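Chemist: Below is the file target06.cif, which contains mmCIF, C-alpha atoms.
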```
data_work
loop_
_atom_site.label_atom_id
_atom_site.label_comp_id
_atom_site.auth_asym_id
_atom_site.auth_seq_id
_atom_site.Cartn_x
_atom_site.Cartn_y
_atom_site.Cartn_z
CA MET Y 1 9.98 -18.38 -11.77
CA LEU Y 2 11.03 -14.86 -10.77
CA SER Y 3 14.69 -14.22 -10.13
CA VAL Y 4 16.58 -11.48 -8.32
CA ALA Y 5 17.37 -8.65 -10.76
CA SER Y 6 19.32 -6.54 -8.29
CA SER Y 7 20.02 -6.28 -4.57
CA PHE Y 8 21.08 -3.43 -2.28
CA GLU Y 9 22.68 -3.17 1.12
CA THR Y 10 20.83 -0.80 3.45
CA ILE Y 11 22.09 1.32 6.32
CA HIS Y 12 19.00 0.60 8.40
CA LYS Y 13 19.55 -0.43 12.00
CA GLY Y 14 16.07 -1.89 12.42
CA GLN Y 15 13.47 -3.97 10.62
CA ILE Y 16 12.54 -2.78 7.13
CA LEU Y 17 8.81 -2.05 7.17
CA SER Y 18 8.05 -0.76 3.68
CA THR Y 19 9.57 -0.52 0.21
CA ASP Y 20 8.59 1.30 -2.95
CA ILE Y 21 10.07 2.10 -6.36
CA ASP Y 22 9.14 5.12 -8.40
CA TYR Y 23 7.29 4.89 -11.72
CA TYR Y 24 10.50 4.84 -13.81
CA ASN Y 25 12.27 2.30 -11.57
CA LYS Y 26 14.98 4.84 -10.79
CA TYR Y 27 14.61 5.33 -7.04
CA VAL Y 28 14.38 2.51 -4.49
CA CYS Y 29 12.91 3.71 -1.20
CA THR Y 30 12.82 1.84 2.11
CA SER Y 31 11.57 2.72 5.60
CA SER Y 32 12.39 1.13 8.91
CA THR Y 33 11.69 0.88 12.62
CA ASP Y 34 14.77 3.04 13.13
CA GLY Y 35 12.82 6.06 11.85
CA VAL Y 36 14.99 6.44 8.76
CA ILE Y 37 13.88 6.56 5.13
CA GLN Y 38 16.55 5.51 2.65
CA ILE Y 39 16.53 6.35 -1.06
CA ILE Y 40 18.92 4.64 -3.48
CA ASP Y 41 19.39 5.71 -7.09
CA SER Y 42 19.25 2.36 -8.93
CA ASP Y 43 21.24 3.89 -11.80
CA LYS Y 44 24.14 4.32 -9.37
CA SER Y 45 23.87 1.13 -7.36
CA ASP Y 46 27.60 0.56 -6.81
CA LEU Y 47 29.32 0.47 -3.44
CA TYR Y 48 30.28 4.13 -3.61
CA ALA Y 49 26.93 5.54 -4.71
CA PRO Y 50 25.52 8.06 -2.23
CA VAL Y 51 22.56 6.91 -0.16
CA ILE Y 52 19.97 9.55 0.72
CA GLN Y 53 18.70 9.42 4.27
CA LEU Y 54 15.57 11.23 5.41
CA GLN Y 55 14.92 11.52 9.14
CA GLU Y 56 11.91 13.78 9.59
CA HIS Y 57 9.95 11.08 11.45
CA VAL Y 58 10.43 10.19 15.11
CA GLY Y 59 9.93 6.46 15.57
CA PRO Y 60 9.04 3.70 13.09
CA VAL Y 61 8.03 4.71 9.55
CA TRP Y 62 5.26 2.33 8.57
CA GLN Y 63 4.92 3.08 4.87
CA VAL Y 64 6.47 5.01 1.97
CA ARG Y 65 4.77 5.69 -1.36
CA PHE Y 66 5.85 7.46 -4.55
CA SER Y 67 3.17 9.39 -6.41
CA HIS Y 68 2.68 9.33 -10.17
CA PRO Y 69 5.61 11.09 -11.93
CA LYS Y 70 3.23 13.83 -13.04
CA PHE Y 71 3.51 15.10 -9.44
CA GLY Y 72 6.86 13.67 -8.31
CA PHE Y 73 6.05 13.33 -4.60
CA LEU Y 74 7.27 10.87 -1.98
CA ALA Y 75 4.96 10.37 1.00
CA SER Y 76 5.46 8.59 4.32
CA CYS Y 77 3.56 7.90 7.52
CA GLY Y 78 4.75 6.80 10.92
CA SER Y 79 4.18 6.13 14.59
CA ASP Y 80 4.66 9.86 15.32
CA CYS Y 81 1.15 10.48 13.92
CA GLN Y 82 2.52 12.37 10.92
CA LEU Y 83 2.01 12.33 7.16
CA ILE Y 84 4.99 13.86 5.36
CA ILE Y 85 5.22 14.63 1.63
CA ARG Y 86 8.48 15.51 -0.10
CA LYS Y 87 9.66 16.53 -3.56
CA THR Y 88 13.08 16.90 -5.17
CA ASN Y 89 14.50 20.34 -5.88
CA ASP Y 90 16.90 21.43 -8.63
CA LYS Y 91 19.82 19.98 -6.64
CA GLY Y 92 18.21 16.56 -6.39
CA GLU Y 93 17.47 17.00 -2.68
CA TRP Y 94 14.23 15.65 -1.22
CA LYS Y 95 12.59 18.53 0.63
CA VAL Y 96 9.42 18.49 2.74
CA VAL Y 97 6.60 20.33 0.95
CA TYR Y 98 3.74 19.26 3.21
CA GLN Y 99 3.49 17.96 6.75
CA TYR Y 100 0.29 16.95 8.55
CA ASP Y 101 0.06 16.12 12.25
CA GLY Y 102 -3.70 16.25 12.73
CA HIS Y 103 -4.09 12.58 13.68
CA LYS Y 104 -4.23 11.75 17.39
CA SER Y 105 -2.54 8.35 17.09
CA SER Y 106 -0.10 6.54 14.84
CA THR Y 107 -0.67 6.88 11.10
CA THR Y 108 -0.78 3.37 9.69
CA SER Y 109 -1.17 3.42 5.91
CA ILE Y 110 -1.08 5.77 2.91
CA ASP Y 111 -2.11 5.49 -0.73
CA TRP Y 112 -2.20 7.86 -3.71
CA ALA Y 113 -5.46 8.19 -5.64
CA PRO Y 114 -5.52 7.69 -9.44
CA TYR Y 115 -3.41 10.47 -10.94
CA LYS Y 116 -6.16 11.58 -13.32
CA SER Y 117 -8.06 12.74 -10.24
CA GLY Y 118 -5.16 15.00 -9.22
CA ALA Y 119 -2.60 14.81 -6.43
CA ILE Y 120 -4.72 13.17 -3.72
CA ILE Y 121 -3.46 10.95 -0.92
CA ALA Y 122 -5.34 9.12 1.83
CA CYS Y 123 -3.87 8.44 5.27
CA SER Y 124 -5.30 6.08 7.88
CA SER Y 125 -4.74 6.15 11.62
CA VAL Y 126 -5.14 4.21 14.84
CA ASP Y 127 -7.39 7.05 15.99
CA GLY Y 128 -10.13 5.54 13.79
CA THR Y 129 -10.14 8.25 11.12
CA ILE Y 130 -8.99 8.57 7.52
CA SER Y 131 -7.64 11.89 6.29
CA ILE Y 132 -7.80 12.84 2.59
CA HIS Y 133 -5.26 15.39 1.34
CA ALA Y 134 -5.58 17.10 -2.05
CA LEU Y 135 -3.29 19.57 -3.80
CA ASN Y 136 -5.23 22.56 -5.11
CA ASN Y 137 -3.49 25.63 -6.55
CA ASN Y 138 -0.23 24.78 -4.77
CA ASP Y 139 -1.99 24.42 -1.41
CA TRP Y 140 -2.93 21.21 0.35
CA CYS Y 141 -6.47 20.94 1.67
CA VAL Y 142 -7.52 18.17 4.05
CA SER Y 143 -10.81 16.50 4.87
CA LYS Y 144 -11.51 13.62 7.23
CA ILE Y 145 -13.65 10.53 7.36
CA PRO Y 146 -14.45 10.43 11.10
CA ASN Y 147 -15.17 7.17 12.91
CA ALA Y 148 -14.16 5.14 9.88
CA HIS Y 149 -13.38 2.07 12.00
CA VAL Y 150 -13.79 1.47 15.72
CA ASN Y 151 -10.43 1.00 17.48
CA GLY Y 152 -8.39 2.07 14.47
CA VAL Y 153 -7.85 1.87 10.71
CA ASN Y 154 -5.02 -0.41 9.59
CA CYS Y 155 -5.01 -0.26 5.81
CA ILE Y 156 -6.43 1.62 2.82
CA SER Y 157 -6.34 1.30 -0.96
CA TRP Y 158 -7.77 3.36 -3.82
CA SER Y 159 -9.60 1.96 -6.83
CA ASN Y 160 -8.40 3.13 -10.24
CA GLU Y 161 -11.99 2.88 -11.44
CA LEU Y 162 -14.53 5.62 -10.76
CA PHE Y 163 -18.10 4.81 -9.73
CA ASN Y 164 -20.63 7.35 -11.04
CA ASN Y 165 -17.70 9.80 -11.35
CA ASN Y 166 -16.83 9.29 -7.69
CA LEU Y 167 -13.61 7.98 -6.18
CA LEU Y 168 -13.65 4.65 -4.35
CA LEU Y 169 -11.51 3.92 -1.29
CA VAL Y 170 -11.46 0.61 0.58
CA SER Y 171 -10.36 0.40 4.22
CA GLY Y 172 -9.84 -2.31 6.84
CA GLY Y 173 -9.74 -1.93 10.59
CA ASN Y 174 -9.55 -3.34 14.07
CA ASP Y 175 -13.33 -3.70 14.13
CA ASN Y 176 -12.86 -6.75 11.84
CA LYS Y 177 -14.67 -4.97 9.02
CA ILE Y 178 -13.99 -3.82 5.49
CA LYS Y 179 -15.61 -0.63 4.22
CA ILE Y 180 -15.78 0.98 0.80
CA TRP Y 181 -16.06 4.75 0.71
CA GLN Y 182 -17.51 6.65 -2.23
CA GLY Y 183 -17.25 10.37 -2.83
CA GLN Y 184 -15.15 13.42 -3.60
CA ILE Y 185 -13.00 15.67 -1.44
CA GLY Y 186 -14.93 16.61 1.70
CA MET Y 187 -17.91 14.34 1.01
CA TRP Y 188 -17.55 10.62 1.75
CA ASN Y 189 -20.22 7.98 2.25
CA VAL Y 190 -20.06 4.27 3.00
CA LYS Y 191 -20.79 2.40 -0.22
CA TYR Y 192 -20.34 -1.06 1.30
CA GLU Y 193 -19.68 -2.50 4.75
CA SER Y 194 -18.74 -6.13 5.21
CA ASP Y 195 -19.92 -8.47 7.89
CA ASN Y 196 -17.59 -9.14 10.79
CA GLN Y 197 -14.55 -10.96 9.34
CA LEU Y 198 -13.81 -12.52 12.75
CA SER Y 199 -10.31 -11.06 12.80
CA THR Y 200 -8.51 -7.73 12.41
CA ILE Y 201 -8.02 -6.63 8.81
CA LYS Y 202 -4.31 -5.89 8.50
CA ASP Y 203 -3.76 -5.48 4.75
CA ILE Y 204 -5.85 -4.61 1.72
CA SER Y 205 -5.09 -4.10 -1.96
CA TRP Y 206 -7.36 -2.94 -4.78
CA SER Y 207 -6.55 -4.42 -8.17
CA PRO Y 208 -5.34 -1.61 -10.45
CA THR Y 209 -7.29 -2.96 -13.44
CA PRO Y 210 -10.67 -4.70 -13.84
CA GLY Y 211 -10.58 -8.45 -14.23
CA LEU Y 212 -13.39 -10.95 -14.58
CA TYR Y 213 -15.21 -8.57 -12.25
CA LYS Y 214 -15.35 -4.82 -12.80
CA HIS Y 215 -14.17 -4.17 -9.24
CA VAL Y 216 -11.65 -6.44 -7.48
CA PHE Y 217 -9.72 -6.12 -4.22
CA ALA Y 218 -8.01 -8.52 -1.82
CA SER Y 219 -7.94 -8.52 1.98
CA CYS Y 220 -5.69 -10.18 4.54
CA ALA Y 221 -6.75 -10.68 8.16
CA SER Y 222 -4.67 -11.29 11.27
CA ASN Y 223 -5.93 -14.90 11.38
CA GLY Y 224 -4.00 -15.54 8.15
CA ARG Y 225 -7.02 -15.69 5.83
CA VAL Y 226 -6.89 -13.98 2.44
CA PHE Y 227 -9.99 -13.28 0.38
CA VAL Y 228 -10.40 -11.85 -3.12
CA TRP Y 229 -13.54 -9.76 -3.45
CA GLY Y 230 -15.24 -9.21 -6.82
CA SER Y 231 -18.26 -7.17 -7.89
CA ASP Y 232 -19.73 -5.56 -10.97
CA ASP Y 233 -21.87 -3.02 -9.13
CA CYS Y 234 -20.06 -2.39 -5.79
CA PHE Y 235 -23.18 -3.63 -3.94
CA ASP Y 236 -23.00 -7.42 -4.15
CA TRP Y 237 -19.54 -8.84 -3.52
CA ALA Y 238 -18.41 -12.41 -4.20
CA GLN Y 239 -15.61 -13.75 -1.98
CA THR Y 240 -13.00 -16.32 -2.90
CA GLU Y 241 -10.57 -17.54 -0.25
CA ILE Y 242 -6.97 -18.06 -1.29
CA ASP Y 243 -5.43 -21.32 -0.03
CA PRO Y 244 -7.81 -21.84 2.94
CA ASP Y 245 -5.70 -24.67 4.37
CA ASN Y 246 -2.73 -22.37 4.95
CA MET Y 247 -3.29 -19.80 7.71
CA GLN Y 248 0.19 -18.25 7.65
CA LYS Y 249 -0.46 -15.29 5.35
CA GLN Y 250 0.49 -11.77 6.41
CA LYS Y 251 0.62 -9.39 3.40
CA ILE Y 252 -0.89 -9.03 -0.07
CA SER Y 253 -0.26 -6.99 -3.20
CA PHE Y 254 -1.55 -6.94 -6.78
CA SER Y 255 0.84 -6.56 -9.68
CA ARG Y 256 0.76 -3.26 -11.57
CA PHE Y 257 -1.59 -4.68 -14.18
CA GLY Y 258 -3.71 -6.62 -11.70
CA THR Y 259 -3.08 -10.00 -13.29
CA VAL Y 260 -1.24 -11.58 -10.35
CA LEU Y 261 -1.75 -11.45 -6.58
CA SER Y 262 1.28 -11.90 -4.34
CA VAL Y 263 0.80 -13.32 -0.85
CA THR Y 264 3.62 -13.02 1.68
CA MET Y 265 3.70 -15.75 4.30
CA ASN Y 266 4.82 -15.61 7.94
CA SER Y 267 7.93 -17.49 6.79
CA TYR Y 268 8.61 -14.58 4.38
CA ALA Y 269 8.14 -16.87 1.40
CA VAL Y 270 6.01 -15.30 -1.34
CA GLN Y 271 3.30 -17.07 -3.30
CA LEU Y 272 1.97 -15.81 -6.64
CA TRP Y 273 -1.67 -16.44 -7.52
CA LYS Y 274 -3.36 -16.00 -10.90
CA GLN Y 275 -7.10 -16.00 -11.52
CA ILE Y 276 -8.47 -18.82 -13.67
CA ASP Y 277 -12.18 -18.04 -13.41
CA LYS Y 278 -14.39 -16.02 -11.09
CA GLN Y 279 -14.07 -18.50 -8.23
CA THR Y 280 -10.68 -20.13 -8.91
CA TRP Y 281 -7.15 -18.88 -8.30
CA MET Y 282 -4.05 -20.93 -9.17
CA CYS Y 283 -0.74 -20.77 -7.33
CA MET Y 284 2.01 -20.00 -9.85
CA ASP Y 285 5.18 -19.89 -7.76
CA ASN Y 286 6.05 -19.96 -4.08
CA SER Y 287 9.83 -19.85 -4.24
CA ILE Y 288 10.52 -16.16 -4.78
CA ALA Y 289 11.89 -15.72 -1.29
CA ASN Y 290 12.52 -17.94 1.67
CA ARG Y 291 13.50 -17.53 5.28
CA LYS Y 292 17.01 -18.82 4.71
CA THR Y 293 17.75 -16.12 2.16
CA LEU Y 294 16.41 -13.38 4.41
CA ASP Y 295 18.32 -14.67 7.39
CA ARG Y 296 21.55 -14.39 5.40
CA GLN Y 297 20.71 -10.74 4.83
CA ASN Y 298 20.15 -10.38 8.59
CA LYS Y 299 17.05 -8.31 7.88
CA ASN Y 300 13.41 -8.90 8.65
CA VAL Y 301 11.78 -7.54 5.53
CA ASN Y 302 8.04 -6.92 5.52
CA GLN Y 303 7.89 -7.85 1.87
CA ASP Y 304 5.64 -6.27 -0.71
CA ILE Y 305 6.89 -8.07 -3.80
CA PHE Y 306 4.92 -5.84 -6.17
CA ALA Y 307 6.10 -2.56 -4.71
CA SER Y 308 8.57 -2.64 -7.56
CA ILE Y 309 7.47 -4.91 -10.40
CA ALA Y 310 4.57 -4.90 -12.83
#
```
If you took the structure in this file and wrote it as structure tokens, what would it be?

Modeler:
Amino acid sequence: MLSVASSFETIHKGQILSTDIDYYNKYVCTSSTDGVIQIIDSDKSDLYAPVIQLQEHVGPVWQVRFSHPKFGFLASCGSDCQLIIRKTNDKGEWKVVYQYDGHKSSTTSIDWAPYKSGAIIACSSVDGTISIHALNNNDWCVSKIPNAHVNGVNCISWSNELFNNNLLLVSGGNDNKIKIWQGQIGMWNVKYESDNQLSTIKDISWSPTPGLYKHVFASCASNGRVFVWGSDDCFDWAQTEIDPDNMQKQKISFSRFGTVLSVTMNSYAVQLWKQIDKQTWMCMDNSIANRKTLDRQNKNVNQDIFASIA
């Protein structure tokens, strides 16, 4: 059973929407509906430690993501249609180094590509497009995947594995479909498009390492159904539904090494699932968090249990 290693009080005045911890487990970052991003230095987690507040966004900040330490960036996206990237200076201050406002509607999700490919981040939007931003000679260049999903893109996730030396990006949208995009900066093609999943795809997570299949990702739909997708060639995908009798699932995340899948329930309890064979997943623990604990904190946390642990 997992236990609480540390806890922090936040200064947020609204629901916490996203959390992330940097590669070295030094900085804990949270974002909220109040438009504030909070960064806590876990090495100084006493009552008098300074809390960094970033307020460049106007409105809810849907997601925050640290890049690989090779680059040292912190990215965020929000309802103000912006993607913002920051980096610390010599004084330890987080300063904006890149800001993109080319989306016409709320930006919904961000994810950093494998660091060996360079500093590349994808950003999805309700406007139905996905923007890809790459750092090249100290300048950021941007390309777009137009009409990625009808009625909006909700979630994206990069694969750590290349396919024929091309990057792979999976996306889910309001058209009830999942798509896998293959390519390089400026050139993206649909590698795979799922059948209608009968419900909006609201979360997606690509396993960071190969498992029993060479390529593995998980999807969560608004009807509470979670599927794990596996393929060896990115053409034919096998689907395994996680706990089909329980339709209360809302968020998913693979551990850093891809060996465990966390599933957050509508009750804010978290289940851990481990793969036994290609078609079987076993529930390991469902008592990491419960509604009573979260109510005591007086916070509605949109939990991503593996934002911080391997």

Chemist: Let me know the residues the PyMOL selection byres ((chain Y and resi 63) around 9) catches in the file above, as a list of chain:residue names.

Modeler: Y:Leu17, Y:Ser18, Y:Thr19, Y:Asp20, Y:Thr30, Y:Ser31, Y:Ser32, Y:Val61, Y:Trp62, Y:Val64, Y:Arg65, Y:Ala75, Y:Ser76, Y:Cys77, Y:Gly78, Y:Thr108, Y:Ser109, Y:Ile110

Chemist: Excluding same-chain residues fewer than 6 positions from stretch 203-218 of chain Y, what lies within 10 Å of it counting all atoms listed in the file, as an MDAnalysis selection string?

Modeler: chainID Y and resid 109 114 154:163 168:173 178 226:234 237:242 250:261 275:279

Chemist: Compare Y:Lys87, Y:Asp41, Y:Lys26, Y:His68 by their minimum atom-to-atom distance to Y:Asp111, counting only C-alpha atoms, and give me the closest one.

Modeler: Y:His68

Chemist: Using the file's own x, y and z axes, so that the box edges lie along x, y and z, what centre and edge lengths in Å (one decimal) does a box around every listed atom of stretch 166-169 of chain Y get when 3 Å is added on each side? Give it as lines of an AutoDock Vina configuration file.

Modeler:
```
center_x = -14.2
center_y = 6.6
center_z = -4.5
size_x = 11.3
size_y = 11.4
size_z = 12.4
```

Chemist: Which distance in Å separates atom CA of Y:Tyr98 and atom CA of Y:Tyr27, to one decimal?

Modeler: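 Between these atoms lies a distance of 20.4 Å.
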
Chemist: Go through Y:Glu56, Y:Asp139, Y:Asp175, Y:Glu193 and flag the residue nearest Y:Ile37, using only C-alpha atoms for the distances.

Modeler: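 Closest candidate: Y:Glu56.
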
Chemist: Could you list the residues chosen by the PyMOL selection byres ((chain Y and resi 148-151) around 8) in this structure as a list in words?

Modeler: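 On this input, the PyMOL selection byres ((chain Y and resi 148-151) around 8) captures Val126, Asp127, Gly128, Thr129, Ile130, Ile145, Pro146, Asn147, Gly152, Val153, Gly172, Gly173, Asn174, Asp175 and Lys177 of chain Y.
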
Chemist: Could you tell me which of Y:Ala119, Y:Leu198, Y:Ile16, Y:Met282 comes closest to Y:Asn137 if we count only C-alpha atoms?

Modeler: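 Counting only C-alpha atoms, the residue closest to Y:Asn137 is Y:Ala119.
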
Chemist: Please indicate the distance in Å from atom CA of Y:Asn166 to atom CA of Y:Phe71, rounded to one decimal place.

Modeler: 21.2 Å

Chemist: Please determine, counting all atoms listed in the file, which residue among Y:Ser125, Y:Lys116, Y:Tyr268, Y:Ile84 has the shortest atom-to-atom distance to Y:Lys104.

Modeler: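 When distances to Y:Lys104 are compared using all atoms listed in the file, the smallest one comes from Y:Ser125.
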
Chemist: Could you list, as a ChimeraX atom specification, every residue within 6 Å of Y:Gln38, counting all atoms listed in the file and ignoring same-chain residues fewer than 4 positions away?

Modeler: /Y:29-30,52-53

Chemist: The PyMOL selection byres ((chain Y and resi 194) around 9) on the file shown: which residues, as a PyMOL selection string?

Modeler: chain Y and resi 176-180+192-193+195-197

Chemist: Could you work out how far atom CA of Y:Pro60 lies from atom CA of Y:Thr10, giving the answer in Å with one decimal?

Modeler: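 That distance, rounded to one decimal, is 15.9 Å.
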